[in-house]
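So the structure is just underneath, and the comments pick up after that.
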Amino acid sequence: MLGVMNSKDAYFEAEKRGLDLVEISPNANPPVCKIMDFGKYKYELKKKSQGQKKQVGNIIKEITLSPVTQQHDIDFKVRNAIRFLEEGHRVKFSIRFRGRQMAHPEVGMQQLEKIKEYLKEHGVTEVEPKMEGRVLASVFAPALGKPKTTSAPASKAEDSK
């Protein structure tokens, strides 16, 4: 804090220190200035903004299925969804109906209920299953107190034992 001084004295003081005189608040009476290394300041702001971009966990990973997808394939995709949820991403499951499959949307609803059951330990349902044209979609978000163990869903063959 150097106090109130005229602009020429402030400029010479900054030159003497090898720094820049930066005007912080031009509308104040008297205007407020700061002596700093402006290049370093801009560099730090740039690094800070890049760090914030990396921390964005708002990515939605989409996994697409069909009503006739086999159990093994669903298990495989659920394992990937668990991995995505543990990384902090949201996961959108989409079931795309083609042709006459539209006559039986309950098949896709059953698949999403199974998937919801598999993911209940790792995530919560953010958007309940709903039809959007020919696509039945549901979004899952990471659970707050999520466990770190990865348990794969049991296949149909193991269920029948």
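So you can find residues: chains in the structure tokens are A, B, ... in the order shown, residues in each start at 1, and ligands are numbered from 1 in order.
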
Output as a ChimeraX atom specification all residues of chain A that backbone DSSP marks as strand (DSSP E).
/A:20-25,32-36,60-65,90-96,123-132,135-142

For the residues in that selection, give me N, CA and C atoms as a compact mmCIF listing (two decimals), in the first residue's frame.
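The file below, part.txt, is the result:
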# COMPACT_ATOMS: atom_id res chain seq x y z
N ASP A 20 4.43 -3.41 -13.95
CA ASP A 20 3.47 -2.61 -14.70
C ASP A 20 2.51 -1.91 -13.73
N LEU A 21 2.01 -0.75 -14.15
CA LEU A 21 0.99 -0.03 -13.40
C LEU A 21 -0.35 -0.36 -14.05
N VAL A 22 -1.22 -1.06 -13.31
CA VAL A 22 -2.50 -1.52 -13.86
C VAL A 22 -3.63 -0.79 -13.16
N GLU A 23 -4.53 -0.21 -13.97
CA GLU A 23 -5.66 0.52 -13.42
C GLU A 23 -6.76 -0.49 -13.06
N ILE A 24 -7.11 -0.57 -11.81
CA ILE A 24 -8.09 -1.54 -11.32
C ILE A 24 -9.51 -0.97 -11.41
N SER A 25 -9.70 0.23 -10.93
CA SER A 25 -11.02 0.82 -10.89
C SER A 25 -10.94 2.27 -11.39
N VAL A 32 -8.13 3.86 -8.82
CA VAL A 32 -7.32 2.90 -8.08
C VAL A 32 -6.43 2.14 -9.07
N CYS A 33 -5.11 2.09 -8.77
CA CYS A 33 -4.15 1.40 -9.62
C CYS A 33 -3.36 0.42 -8.76
N LYS A 34 -2.76 -0.56 -9.44
CA LYS A 34 -1.99 -1.57 -8.73
C LYS A 34 -0.69 -1.81 -9.50
N ILE A 35 0.40 -2.00 -8.77
CA ILE A 35 1.68 -2.29 -9.40
C ILE A 35 1.84 -3.81 -9.39
N MET A 36 1.92 -4.41 -10.59
CA MET A 36 2.02 -5.87 -10.71
C MET A 36 2.68 -6.24 -12.02
N ILE A 60 -22.24 -36.11 -20.36
CA ILE A 60 -23.22 -37.19 -20.43
C ILE A 60 -22.71 -38.21 -21.43
N LYS A 61 -22.50 -39.44 -20.96
CA LYS A 61 -22.10 -40.54 -21.82
C LYS A 61 -23.38 -41.25 -22.23
N GLU A 62 -23.57 -41.45 -23.54
CA GLU A 62 -24.79 -42.10 -24.01
C GLU A 62 -24.51 -43.53 -24.42
N ILE A 63 -25.35 -44.43 -23.97
CA ILE A 63 -25.26 -45.85 -24.31
C ILE A 63 -26.56 -46.21 -25.01
N THR A 64 -26.46 -46.72 -26.23
CA THR A 64 -27.63 -47.02 -27.04
C THR A 64 -27.85 -48.53 -27.11
N LEU A 65 -29.09 -48.92 -26.92
CA LEU A 65 -29.50 -50.32 -27.00
C LEU A 65 -30.67 -50.43 -27.95
N ARG A 90 -22.37 -38.47 -16.04
CA ARG A 90 -23.75 -38.93 -16.10
C ARG A 90 -23.87 -39.87 -17.28
N VAL A 91 -24.81 -40.81 -17.20
CA VAL A 91 -24.98 -41.82 -18.25
C VAL A 91 -26.42 -41.79 -18.74
N LYS A 92 -26.57 -41.74 -20.06
CA LYS A 92 -27.90 -41.77 -20.66
C LYS A 92 -28.05 -43.08 -21.41
N PHE A 93 -29.03 -43.88 -21.02
CA PHE A 93 -29.35 -45.11 -21.73
C PHE A 93 -30.49 -44.81 -22.69
N SER A 94 -30.29 -45.14 -23.96
CA SER A 94 -31.30 -44.93 -24.99
C SER A 94 -31.64 -46.26 -25.61
N ILE A 95 -32.92 -46.54 -25.74
CA ILE A 95 -33.36 -47.75 -26.43
C ILE A 95 -34.10 -47.29 -27.68
N ARG A 96 -33.52 -47.61 -28.84
CA ARG A 96 -34.06 -47.16 -30.11
C ARG A 96 -34.96 -48.25 -30.70
N GLY A 123 -25.42 -45.31 -8.92
CA GLY A 123 -25.98 -44.05 -9.38
C GLY A 123 -27.46 -43.96 -9.09
N VAL A 124 -27.99 -42.78 -9.28
CA VAL A 124 -29.41 -42.54 -9.07
C VAL A 124 -30.04 -42.13 -10.40
N THR A 125 -31.32 -42.42 -10.52
CA THR A 125 -32.04 -42.06 -11.75
C THR A 125 -32.31 -40.57 -11.71
N GLU A 126 -31.76 -39.87 -12.69
CA GLU A 126 -31.95 -38.42 -12.76
C GLU A 126 -33.19 -38.10 -13.58
N VAL A 127 -33.36 -38.81 -14.71
CA VAL A 127 -34.54 -38.64 -15.56
C VAL A 127 -35.18 -40.01 -15.72
N GLU A 128 -36.42 -40.11 -15.30
CA GLU A 128 -37.15 -41.38 -15.43
C GLU A 128 -37.32 -41.74 -16.91
N PRO A 129 -37.47 -43.03 -17.22
CA PRO A 129 -37.63 -43.44 -18.62
C PRO A 129 -38.83 -42.77 -19.27
N LYS A 130 -38.59 -42.19 -20.47
CA LYS A 130 -39.70 -41.59 -21.22
C LYS A 130 -39.42 -41.71 -22.70
N MET A 131 -40.50 -41.78 -23.47
CA MET A 131 -40.39 -41.91 -24.92
C MET A 131 -40.17 -40.53 -25.54
N GLU A 132 -39.18 -40.47 -26.43
CA GLU A 132 -38.91 -39.26 -27.21
C GLU A 132 -38.90 -39.69 -28.66
N VAL A 135 -37.36 -43.24 -29.46
CA VAL A 135 -36.31 -43.54 -28.49
C VAL A 135 -36.88 -43.47 -27.08
N LEU A 136 -36.62 -44.52 -26.30
CA LEU A 136 -36.94 -44.54 -24.88
C LEU A 136 -35.65 -44.24 -24.14
N ALA A 137 -35.62 -43.19 -23.33
CA ALA A 137 -34.37 -42.75 -22.72
C ALA A 137 -34.52 -42.53 -21.22
N SER A 138 -33.41 -42.77 -20.51
CA SER A 138 -33.33 -42.51 -19.07
C SER A 138 -31.91 -42.06 -18.76
N VAL A 139 -31.76 -41.13 -17.81
CA VAL A 139 -30.45 -40.59 -17.46
C VAL A 139 -30.14 -40.94 -16.01
N PHE A 140 -28.91 -41.40 -15.78
CA PHE A 140 -28.44 -41.75 -14.44
C PHE A 140 -27.30 -40.83 -14.06
N ALA A 141 -27.29 -40.42 -12.78
CA ALA A 141 -26.22 -39.56 -12.25
C ALA A 141 -25.46 -40.33 -11.18
N PRO A 142 -24.19 -39.98 -10.94
CA PRO A 142 -23.42 -40.68 -9.91
C PRO A 142 -24.06 -40.51 -8.54

Which residue out of A:Val4, A:Leu112, A:Leu119, A:Val107 has the minimum interatomic distance to Val68 (chain A) when only C-alpha atoms are used?
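Of all the options, A:Val107 lies closest to Val68 (chain A).
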
Which is closest to Phe38 (chain A) among A:Pro26, A:Gly18, A:Gly51, A:Pro105, if we use only C-alpha atoms?
A:Gly18

Best match for closeness to Arg98 (chain A) among A:His122, A:Lys16, A:His72, A:Arg134, counting only C-alpha atoms:
A:Arg134

From the options A:Ser49, A:Asn80, A:Ser66, A:Asn6, which residue's atoms come nearest to Met109 (chain A), counting only C-alpha atoms?
A:Ser66
